[in-house]
Number of protein chains: 2
Amino acid sequence: MDRKEFRDLASPADAREAIRALSLGAGTERVPLAEARGRVLAERIDADLDVPGFDRASLDGYALRARDTFGADEADPADLAVVGEVHAGEEPSLDVGDGEAVEISTGAVMPPGADAMVPVERTDLDDGRVRVRTSVAPGDNVMFAGADVAAGERALGPGTRLTPREVGLLSALGVEEVPVRARPRVGIVSTGDELVRPGEKLRSERGEIYDVNSYSIAAGVEDAGGEAVLYPHAGDDREEMERLLREAADECDLVLSSGSTSASAVDVIYRVIEERGELLLHGVSVKPGKPMLVGRLDDSAYVGLPGYPVSAMMVFRTFVAPAIRGAAGLPEPAAATVAGRMAIQARSEQGRHRLLPVGLLADGDGGTLVYPVDKGSGATTTLAEADGVVEVDAGTDYLEAGESVDVALFSADVRPPTLFGVGEDDPTLNRLLDRLGNPRYLPVGSRPALRRLREGVPDVAVVAGPLDRAVEGAKLGGWSREWGLVVPADDPDGIGGLADLVERDLRFVNRTTDSGLRTSLGNAVAELADERDTERRALVAAIDGFDLGLRAHESPARRVLAGEADAGLGLRETADRLDLGFVPLGEQRVRVLANPERREKPGVRELAAALDEVGGA
Amino acid sequence: MDRKEFRDLASPADAREAIRALSLGAGTERVPLAEARGRVLAERIDADLDVPGFDRASLDGYALRARDTFGADEADPADLAVVGEVHAGEEPSLDVGDGEAVEISTGAVMPPGADAMVPVERTDLDDGRVRVRTSVAPGDNVMFAGADVAAGERALGPGTRLTPREVGLLSALGVEEVPVRARPRVGIVSTGDELVRPGEKLRSERGEIYDVNSYSIAAGVEDAGGEAVLYPHAGDDREEMERLLREAADECDLVLSSGSTSASAVDVIYRVIEERGELLLHGVSVKPGKPMLVGRLDDSAYVGLPGYPVSAMMVFRTFVAPAIRGAAGLPEPAAATVAGRMAIQARSEQGRHRLLPVGLLADGDGGTLVYPVDKGSGATTTLAEADGVVEVDAGTDYLEAGESVDVALFSADVRPPTLFGVGEDDPTLNRLLDRLGNPRYLPVGSRPALRRLREGVPDVAVVAGPLDRAVEGAKLGGWSREWGLVVPADDPDGIGGLADLVERDLRFVNRTTDSGLRTSLGNAVAELADERDTERRALVAAIDGFDLGLRAHESPARRVLAGEADAGLGLRETADRLDLGFVPLGEQRVRVLANPERREKPGVRELAAALDEVGGA
């Protein structure tokens, strides 16, 4: 077998077709009625009995012969002898003759001789006799045997998805076990020497990372109506990996692996395919997704997904999930597409079909804005920060701002966030966000936030510290935060201020240049330089770690806590929470600015109200 | 406690509020990540580690010092010594010095000293040295530690529904157990002496019926995000029923019972509420649903649903499901409302808020038609034949044909049928229907089918036998069926034809007057009367069972099979299938007629194509 790439990349349509042709059909199984919800009928269900199985009283009242009531009305009731009673769940013990009535409960069997019933509200009972103040026709208030469903009738067709209503009908028919389409079993084999399962210890120094694809793809498989089987992670044991691949192929209808960068995994996958199956397709002209493999391992289908989580998920959704749904008998999800217009331009790469992850956003007028989400290769947050995918065909260079696009949602129940904010990473803000319905917030820092707000994408920008230029946007509110140096709990080095960082041999950890704290720190260094009549640059060079900027507000403090640094730029709140020491350097204002056109958007108003409550307006 | 009805029925809004106020909140539980899909986060998840946890190579290539590549291009590549290699999952064993490069795999740890990497495509390897044909800046093709998620960052907010994407992010963060909202436990107590669980033997002579509500409501509870607990059915054992109610109240957040017509159940429910709880509301001004109970049993909420399955389900959906979803933290389902116009008039009852079950139907122009579905009190098929509910307020007498209405779908993924047909019950038709996507067919008989087609509701009518008047509608196709008398296998009575039924003492079972077979039989009787020069009426009176008409095509044959009749009106196909004898009386044509305006509707075309294949055009 040729281990090199197939000469030509397959088209996306060919890849879809290749996977469809693998036919994952998993046959039929019988499940107890109580577990049938959501499953798909494998065959037609005909009624095996009449429902009801007897002529049934529809109300509480009296069973009688209709002709005994002819002419009866309020003024001239019919007068009948009550000869007995029959309740639901009882066999009638007597016949109804001329001039007779039997008290009957809703759902009870109509006694022989009676051909109609009168509801109790239209009668008066008096000393063993009932006066019937209305006339009824034969059959009135009686549900005849089989009137609901007659024995032999077609009740439900093959392919019917079993919702609570169909479950009810199957109950009525006494169906105890339901023939349903078996869920396709989808084995997920995790390859990659660097992967570690959540719960296990991560050795970052060895480049280990947690295994994302196994769990996210398993969840995707279940969403699509398949049964996901997670095989243990073999690590760098090639024999074990090979054994697991073979076991998965034996046990499952489809085996998925996500591409690994380790040569060992590639070798093993090729060897197993070579010995037991057939490689149908290698490489698809789609970005991401180029390294996709499609093949067969004996009776099992095989798809190799790309390794990066976002790529793996998008390729799974676009190419694999429809095949699983098809095999499970589930329809494509309803309303899984939303139309919107691009909020900003998005570039694509000509010559490759592109699956562009995008976020959704309500504009001020009830329209839907679409913006590209791309945190770069390998970012896992791209998944959580996007709502769906725009497919851009190979001939398109870029999508223009304002251009109409269709977004295939990650699932039909994706809700665009009520609020889309960008800016500072801040603990007060995090608490505010917890109080909102369904916000999305990207802690990109203050300066990038202002830029994005000017571009018109986010609803709000959260900015802190001194800013280069006058801010635009409607001020919603804000709060102050005390910043300084986070130091170990007992401050063993006795750090008194910024000067110590310059003068002494201390390991310092900074924030990224986009953060408001970094700007304030930079200003403080400049002031110190002025005082000392020296250059800012000289002071900065003297601080060990000044150029090492971490992104999150708590990260430098965590380095201090871990004993990896002597001081970190941070907030008093963080130091207090982590029981660390704190050397105050100043206070700075955090401001929440709204896109002026979205001031009245419900999510923005909700945030404004929450801001008012923290007293920060 | 007052056992009589509360003097005034509560309004629907009050009932909703009473149930909401019961607060079913079930707290928090921790589930393994692999089971977190679909659950709702109970608290905010902050990142506990940097992702990635190290500076990571984004591609396969060479790690190096960026300044060693300054000025390099295709014409003048930089030439570096390859001093080692580092793969994903390995700890780098050496530093990169000036003029050096290390071969590196995607995902591997950047070795100390290197500040950038060059993809392999831009290099040439030659005898231990690499020529780099491009220049890179520091940080190029490197994902820095924490660039995806930084330790301390807010990763997911409380209330987030966990889809595959969020499961992926939690994996990346190494979260092994996820704090999620507990599913509210909903106990379902089945009351009613006449109820029997599917799988048990049904004694129709005692008026027993299969328990529909337990299973359909349990499925509804699961749909709404609750955990349904089915308690065993106590039958007519009052002590056992009381014990079960108390047990359910102890074990569940909400106890549901569906009203029973048996006095015993009502007594027990009242006694338990009296001793352990509080009745908050009895009776709601809504049809169906008037007999709803809302109360509290110690710490558990209690709702008594009506007994009839359709009423129970509609009240559950309207009043109870939103409370369960609220407690589970799930949003109201998306797109669960569809706008349409009434296909025909629907009467309501003034003075009571009405929950009207309706079916949906695509008209010829892409619009949605809505028609009332009401098979009368107690019919279980109403559920399966309807798609949703129109709420009609108390002041409205009727909805006019053509009036715009909003339909609350039974669930967001309800699909209107692709084809709506009415007419004869026929085995050939049943097979045809099995081949269609998602048809709905009501076997109402030929004459009612023609009436409904004239009213303009169904897409097609399937009619059989001689008809009183010329048929309207476009003929799609049809087939012939041989009809006659279905008799026991060995025909012990030696039945030769219709005359035997008249002359001999045989028990006969007929079809309903709406069926085409009954019309043909009536004509045959009339011919026989002509031959004998007697009155049709006299012959009919001589046939024992002529007036007993069963609805489904197979029902009379089943009576014969069960030994309850000597002959039944039916089809040769049925007799053959059930291994019964058959006395032919004639052939009749079954015709499929389409609503002329819907001739081009996809479902109608699909049926026409299927008809062509059976050669019945």
# chains A, B, ... in the order shown; residues from 1 in each chain; ligands from 1
>>> residues_around(residues="A:Val460", least_positions_apart="3", cutoff="10 Å", atoms="only C-alpha atoms", output="tab-separated table (two decimals) with N, CA, C and O atoms, in the first residue's frame")
chain	number	residue	atom	x	y	z
A	419	LEU	N	-25.20	38.35	24.92
A	419	LEU	CA	-24.28	39.48	24.99
A	419	LEU	C	-22.93	39.00	24.51
A	419	LEU	O	-22.49	37.91	24.87
A	420	PHE	N	-22.29	39.81	23.68
A	420	PHE	CA	-20.93	39.46	23.23
A	420	PHE	C	-19.99	40.57	23.68
A	420	PHE	O	-20.09	41.70	23.22
A	421	GLY	N	-19.11	40.25	24.61
A	421	GLY	CA	-18.18	41.24	25.13
A	421	GLY	C	-16.74	40.81	24.91
A	421	GLY	O	-16.44	39.62	24.77
A	422	VAL	N	-15.86	41.82	24.87
A	422	VAL	CA	-14.42	41.55	24.75
A	422	VAL	C	-13.71	42.51	25.68
A	422	VAL	O	-14.25	43.58	26.00
A	423	GLY	N	-12.51	42.15	26.11
A	423	GLY	CA	-11.72	43.11	26.89
A	423	GLY	C	-10.90	42.49	28.00
A	423	GLY	O	-10.40	41.37	27.87
A	441	TYR	N	-17.79	36.02	26.39
A	441	TYR	CA	-16.82	37.05	26.68
A	441	TYR	C	-15.43	36.55	26.32
A	441	TYR	O	-15.03	35.48	26.74
A	449	ALA	N	-9.70	45.20	22.56
A	449	ALA	CA	-11.15	45.35	22.75
A	449	ALA	C	-11.63	46.65	22.13
A	449	ALA	O	-12.68	46.68	21.46
A	450	LEU	N	-10.86	47.72	22.32
A	450	LEU	CA	-11.27	49.01	21.74
A	450	LEU	C	-11.26	48.93	20.22
A	450	LEU	O	-12.14	49.47	19.56
A	452	ARG	N	-11.74	46.27	18.41
A	452	ARG	CA	-12.89	45.48	17.95
A	452	ARG	C	-14.20	46.25	18.09
A	452	ARG	O	-15.10	46.12	17.27
A	453	LEU	N	-14.31	47.04	19.16
A	453	LEU	CA	-15.52	47.83	19.34
A	453	LEU	C	-15.66	48.83	18.18
A	453	LEU	O	-16.75	49.03	17.65
A	456	GLY	N	-17.00	47.38	15.19
A	456	GLY	CA	-18.45	47.18	15.25
A	456	GLY	C	-18.89	45.76	15.53
A	456	GLY	O	-20.07	45.44	15.39
A	457	VAL	N	-17.99	44.88	15.95
A	457	VAL	CA	-18.43	43.51	16.18
A	457	VAL	C	-19.02	43.30	17.59
A	457	VAL	O	-20.19	42.97	17.70
A	463	VAL	N	-12.58	47.83	29.36
A	463	VAL	CA	-11.22	48.34	29.26
A	463	VAL	C	-10.77	48.86	30.62
A	463	VAL	O	-11.59	49.26	31.44
A	473	GLY	N	-17.80	54.85	22.30
A	473	GLY	CA	-18.75	53.91	22.88
A	473	GLY	C	-19.48	54.53	24.06
A	473	GLY	O	-19.00	55.45	24.71
A	474	ALA	N	-20.67	54.00	24.32
A	474	ALA	CA	-21.50	54.50	25.41
A	474	ALA	C	-21.04	53.87	26.71
A	474	ALA	O	-20.86	52.66	26.78
A	475	LYS	N	-20.82	54.71	27.73
A	475	LYS	CA	-20.35	54.18	29.00
A	475	LYS	C	-21.50	53.54	29.77
A	475	LYS	O	-22.47	54.19	30.12
A	476	LEU	N	-21.37	52.27	30.03
A	476	LEU	CA	-22.42	51.56	30.78
A	476	LEU	C	-22.16	51.61	32.28
A	476	LEU	O	-23.10	51.52	33.06
A	592	VAL	N	-16.90	49.78	31.32
A	592	VAL	CA	-17.65	48.94	30.36
A	592	VAL	C	-18.27	49.88	29.33
A	592	VAL	O	-19.06	50.76	29.68
A	593	LEU	N	-17.88	49.70	28.07
A	593	LEU	CA	-18.35	50.57	26.99
A	593	LEU	C	-19.23	49.76	26.04
A	593	LEU	O	-18.87	48.64	25.67
A	594	ALA	N	-20.35	50.34	25.65
A	594	ALA	CA	-21.26	49.62	24.76
A	594	ALA	C	-21.16	50.14	23.34
A	594	ALA	O	-20.90	51.33	23.12
A	595	ASN	N	-21.35	49.25	22.39
A	595	ASN	CA	-21.56	49.63	21.00
A	595	ASN	C	-22.81	50.53	20.98
A	595	ASN	O	-23.87	50.11	21.43
A	596	PRO	N	-22.66	51.81	20.52
A	596	PRO	CA	-23.79	52.75	20.64
A	596	PRO	C	-25.08	52.23	19.99
A	596	PRO	O	-26.17	52.51	20.47
A	598	ARG	N	-26.17	49.25	19.98
A	598	ARG	CA	-26.72	48.08	20.68
A	598	ARG	C	-27.08	48.40	22.12
A	598	ARG	O	-27.29	47.49	22.92
A	599	ARG	N	-27.13	49.70	22.42
A	599	ARG	CA	-27.40	50.11	23.80
A	599	ARG	C	-28.70	49.53	24.33
A	599	ARG	O	-28.82	49.25	25.52
A	604	VAL	N	-27.43	43.76	26.64
A	604	VAL	CA	-26.67	44.94	27.09
A	604	VAL	C	-27.39	45.61	28.25
A	604	VAL	O	-26.78	46.01	29.24
A	607	LEU	N	-26.77	43.63	31.33
A	607	LEU	CA	-25.45	43.92	31.91
A	607	LEU	C	-25.47	45.27	32.61
A	607	LEU	O	-24.92	45.41	33.72
>>> select_by_dssp(residues="stretch 6-238 of chain B", states="helix (DSSP H, G or I)", output="count of residues only")
44
>>> select_by_dssp(residues="stretch 55-225 of chain A", states="strand (DSSP E or B)", output="VMD selection string")
chain A and resid 56 to 57 61 to 64 78 to 86 100 to 104 109 116 to 119 123 to 126 129 to 132 142 to 143 149 154 to 156 161 177 to 181 185 to 189 195 to 196 209 to 210
>>> closest_residue(among="A:Glu85, A:Asp55, A:Asp79, A:Asp148", to="A:Ser105", atoms="only C-alpha atoms")
A:Glu85
>>> closest_residue(among="B:Val31, B:Ala328, B:Ala150, B:Ala36", to="A:Arg511", atoms="only C-alpha atoms")
B:Ala150
>>> closest_residue(among="A:Val136, A:Leu244, A:Ala557, A:Ala499", to="chain B", atoms="only C-alpha atoms")
A:Ala557
>>> residues_around(residues="stretch 285-300 of chain B", least_positions_apart="3", cutoff="7 Å", atoms="only C-alpha atoms", output="ChimeraX atom specification")
/B:9-12,19,249,252-255,273,276-282,303-306,311,315,352-355
>>> atom_distance(atom1="atom CA of B:Gly307", atom2="atom CA of B:Ile324")
20.4 Å
>>> residues_around(residues="B:Arg504", least_positions_apart="4", cutoff="10 Å", atoms="only C-alpha atoms", output="PyMOL selection string")
chain B and resi 493+495+499-500+542-544
>>> write_last_selection(atoms="C-alpha atoms", output="PDB file, in the first residue's frame")
ATOM      1  CA  ASP B 493     -69.359 -24.955   7.740  1.00  0.00           C
ATOM      2  CA  ILE B 495     -69.890 -21.783   3.307  1.00  0.00           C
ATOM      3  CA  ALA B 499     -76.853 -17.120   0.491  1.00  0.00           C
ATOM      4  CA  ASP B 500     -75.452 -19.298   3.266  1.00  0.00           C
ATOM      5  CA  ALA B 542     -81.610 -12.709   8.374  1.00  0.00           C
ATOM      6  CA  ILE B 543     -77.842 -12.294   8.576  1.00  0.00           C
ATOM      7  CA  ASP B 544     -76.709 -12.572  12.209  1.00  0.00           C
TER       8      ASP B 544
END
>>> residues_around(residues="B:Glu227", least_positions_apart="2", cutoff="8 Å", atoms="only C-alpha atoms", output="list in words")
Arg183, Pro184, Arg185, Val186, Val221, Glu222, Gly225 and Val229 of chain B
>>> write_last_selection(atoms="all heavy atoms", output="mmCIF file, in the first residue's frame")
data_model
loop_
_atom_site.group_PDB
_atom_site.id
_atom_site.type_symbol
_atom_site.label_atom_id
_atom_site.label_comp_id
_atom_site.auth_asym_id
_atom_site.auth_seq_id
_atom_site.Cartn_x
_atom_site.Cartn_y
_atom_site.Cartn_z
ATOM 1 N N ARG B 183 -30.757 16.344 37.657
ATOM 2 C CA ARG B 183 -32.049 16.237 36.971
ATOM 3 C C ARG B 183 -33.129 16.110 38.025
ATOM 4 O O ARG B 183 -33.012 15.266 38.918
ATOM 5 C CB ARG B 183 -32.116 14.952 36.153
ATOM 6 C CG ARG B 183 -31.235 14.904 34.963
ATOM 7 C CD ARG B 183 -31.577 13.622 34.200
ATOM 8 N NE ARG B 183 -30.420 13.038 33.570
ATOM 9 C CZ ARG B 183 -30.000 13.351 32.341
ATOM 10 N NH1 ARG B 183 -30.635 14.255 31.656
ATOM 11 N NH2 ARG B 183 -28.936 12.783 31.833
ATOM 12 N N PRO B 184 -34.198 16.882 37.929
ATOM 13 C CA PRO B 184 -35.292 16.674 38.893
ATOM 14 C C PRO B 184 -35.831 15.251 38.761
ATOM 15 O O PRO B 184 -36.070 14.768 37.655
ATOM 16 C CB PRO B 184 -36.351 17.705 38.474
ATOM 17 C CG PRO B 184 -35.765 18.519 37.395
ATOM 18 C CD PRO B 184 -34.469 17.933 36.951
ATOM 19 N N ARG B 185 -35.971 14.578 39.900
ATOM 20 C CA ARG B 185 -36.549 13.232 39.897
ATOM 21 C C ARG B 185 -38.057 13.351 39.904
ATOM 22 O O ARG B 185 -38.630 13.989 40.794
ATOM 23 C CB ARG B 185 -36.129 12.486 41.165
ATOM 24 C CG ARG B 185 -34.851 11.696 41.028
ATOM 25 C CD ARG B 185 -34.468 11.118 42.370
ATOM 26 N NE ARG B 185 -35.210 9.912 42.680
ATOM 27 C CZ ARG B 185 -34.834 8.703 42.302
ATOM 28 N NH1 ARG B 185 -33.739 8.545 41.606
ATOM 29 N NH2 ARG B 185 -35.543 7.645 42.643
ATOM 30 N N VAL B 186 -38.685 12.758 38.948
ATOM 31 C CA VAL B 186 -40.138 12.863 38.827
ATOM 32 C C VAL B 186 -40.739 11.463 38.948
ATOM 33 O O VAL B 186 -40.519 10.603 38.100
ATOM 34 C CB VAL B 186 -40.544 13.510 37.485
ATOM 35 C CG1 VAL B 186 -42.053 13.634 37.390
ATOM 36 C CG2 VAL B 186 -39.883 14.878 37.338
ATOM 37 N N VAL B 221 -41.238 13.542 30.609
ATOM 38 C CA VAL B 221 -40.364 13.987 31.701
ATOM 39 C C VAL B 221 -38.906 13.948 31.240
ATOM 40 O O VAL B 221 -38.144 14.899 31.442
ATOM 41 C CB VAL B 221 -40.558 13.100 32.951
ATOM 42 C CG1 VAL B 221 -39.423 13.297 33.948
ATOM 43 C CG2 VAL B 221 -41.908 13.395 33.608
ATOM 44 N N GLU B 222 -38.522 12.860 30.575
ATOM 45 C CA GLU B 222 -37.135 12.740 30.114
ATOM 46 C C GLU B 222 -36.850 13.794 29.041
ATOM 47 O O GLU B 222 -35.778 14.403 29.026
ATOM 48 C CB GLU B 222 -36.874 11.322 29.569
ATOM 49 C CG GLU B 222 -37.188 10.205 30.549
ATOM 50 C CD GLU B 222 -35.983 9.736 31.367
ATOM 51 O OE1 GLU B 222 -34.859 10.107 31.020
ATOM 52 O OE2 GLU B 222 -36.197 9.008 32.359
ATOM 53 N N GLY B 225 -35.856 16.982 30.487
ATOM 54 C CA GLY B 225 -34.619 17.034 31.265
ATOM 55 C C GLY B 225 -34.753 16.464 32.663
ATOM 56 O O GLY B 225 -33.842 16.599 33.471
ATOM 57 N N VAL B 229 -39.209 8.258 37.243
ATOM 58 C CA VAL B 229 -39.192 7.044 38.056
ATOM 59 C C VAL B 229 -40.602 6.457 38.008
ATOM 60 O O VAL B 229 -41.555 7.074 38.482
ATOM 61 C CB VAL B 229 -38.822 7.353 39.521
ATOM 62 C CG1 VAL B 229 -38.716 6.065 40.326
ATOM 63 C CG2 VAL B 229 -37.522 8.140 39.587
#
>>> residues_around(residues="B:Ala47", least_positions_apart="4", cutoff="8 Å", atoms="only C-alpha atoms", output="PyMOL selection string")
chain B and resi 149-155+173
>>> decode(residues="stretch 361-412 of chain A", atoms="C-alpha atoms", output="PDB file, in the first residue's frame")
ATOM      1  CA  LEU A 361     -24.492  37.871  17.368  1.00  0.00           C
ATOM      2  CA  ALA A 362     -27.760  39.801  17.332  1.00  0.00           C
ATOM      3  CA  ASP A 363     -27.343  43.297  15.985  1.00  0.00           C
ATOM      4  CA  GLY A 364     -29.433  46.192  17.287  1.00  0.00           C
ATOM      5  CA  ASP A 365     -32.220  45.615  14.764  1.00  0.00           C
ATOM      6  CA  GLY A 366     -32.954  41.938  15.244  1.00  0.00           C
ATOM      7  CA  GLY A 367     -30.610  40.854  12.459  1.00  0.00           C
ATOM      8  CA  THR A 368     -27.908  38.251  12.869  1.00  0.00           C
ATOM      9  CA  LEU A 369     -24.254  39.174  12.545  1.00  0.00           C
ATOM     10  CA  VAL A 370     -21.651  36.550  11.771  1.00  0.00           C
ATOM     11  CA  TYR A 371     -17.968  36.885  12.639  1.00  0.00           C
ATOM     12  CA  PRO A 372     -15.081  34.487  12.043  1.00  0.00           C
ATOM     13  CA  VAL A 373     -13.636  32.730  15.066  1.00  0.00           C
ATOM     14  CA  ASP A 374     -10.095  31.567  14.620  1.00  0.00           C
ATOM     15  CA  LYS A 375      -7.682  31.402  17.471  1.00  0.00           C
ATOM     16  CA  GLY A 376      -5.114  29.639  15.365  1.00  0.00           C
ATOM     17  CA  SER A 377      -4.194  26.050  14.831  1.00  0.00           C
ATOM     18  CA  GLY A 378      -4.740  23.827  17.790  1.00  0.00           C
ATOM     19  CA  ALA A 379      -6.833  26.167  19.919  1.00  0.00           C
ATOM     20  CA  THR A 380      -9.592  24.311  21.718  1.00  0.00           C
ATOM     21  CA  THR A 381     -11.455  27.451  22.727  1.00  0.00           C
ATOM     22  CA  THR A 382     -12.350  28.107  19.101  1.00  0.00           C
ATOM     23  CA  LEU A 383     -14.949  25.382  19.494  1.00  0.00           C
ATOM     24  CA  ALA A 384     -16.622  26.912  22.509  1.00  0.00           C
ATOM     25  CA  GLU A 385     -16.418  30.422  21.089  1.00  0.00           C
ATOM     26  CA  ALA A 386     -18.072  29.555  17.787  1.00  0.00           C
ATOM     27  CA  ASP A 387     -21.716  28.744  17.087  1.00  0.00           C
ATOM     28  CA  GLY A 388     -21.439  27.137  13.710  1.00  0.00           C
ATOM     29  CA  VAL A 389     -19.691  26.907  10.390  1.00  0.00           C
ATOM     30  CA  VAL A 390     -19.850  28.847   7.145  1.00  0.00           C
ATOM     31  CA  GLU A 391     -18.747  26.826   4.136  1.00  0.00           C
ATOM     32  CA  VAL A 392     -16.699  28.885   1.726  1.00  0.00           C
ATOM     33  CA  ASP A 393     -16.105  27.288  -1.628  1.00  0.00           C
ATOM     34  CA  ALA A 394     -12.705  26.876  -3.152  1.00  0.00           C
ATOM     35  CA  GLY A 395     -13.143  29.747  -5.610  1.00  0.00           C
ATOM     36  CA  THR A 396     -13.877  32.411  -2.993  1.00  0.00           C
ATOM     37  CA  ASP A 397     -11.033  34.592  -1.666  1.00  0.00           C
ATOM     38  CA  TYR A 398     -12.890  36.346   1.084  1.00  0.00           C
ATOM     39  CA  LEU A 399     -16.296  37.092   2.481  1.00  0.00           C
ATOM     40  CA  GLU A 400     -16.994  40.813   2.509  1.00  0.00           C
ATOM     41  CA  ALA A 401     -18.342  42.659   5.537  1.00  0.00           C
ATOM     42  CA  GLY A 402     -22.116  42.840   5.098  1.00  0.00           C
ATOM     43  CA  GLU A 403     -22.228  39.788   2.817  1.00  0.00           C
ATOM     44  CA  SER A 404     -25.107  37.372   3.430  1.00  0.00           C
ATOM     45  CA  VAL A 405     -24.064  33.918   4.587  1.00  0.00           C
ATOM     46  CA  ASP A 406     -25.761  30.759   5.833  1.00  0.00           C
ATOM     47  CA  VAL A 407     -24.414  29.383   9.070  1.00  0.00           C
ATOM     48  CA  ALA A 408     -24.733  25.664   9.761  1.00  0.00           C
ATOM     49  CA  LEU A 409     -25.178  25.648  13.533  1.00  0.00           C
ATOM     50  CA  PHE A 410     -23.200  23.176  15.617  1.00  0.00           C
ATOM     51  CA  SER A 411     -26.598  21.914  16.771  1.00  0.00           C
ATOM     52  CA  ALA A 412     -30.185  22.966  16.309  1.00  0.00           C
TER      53      ALA A 412
END
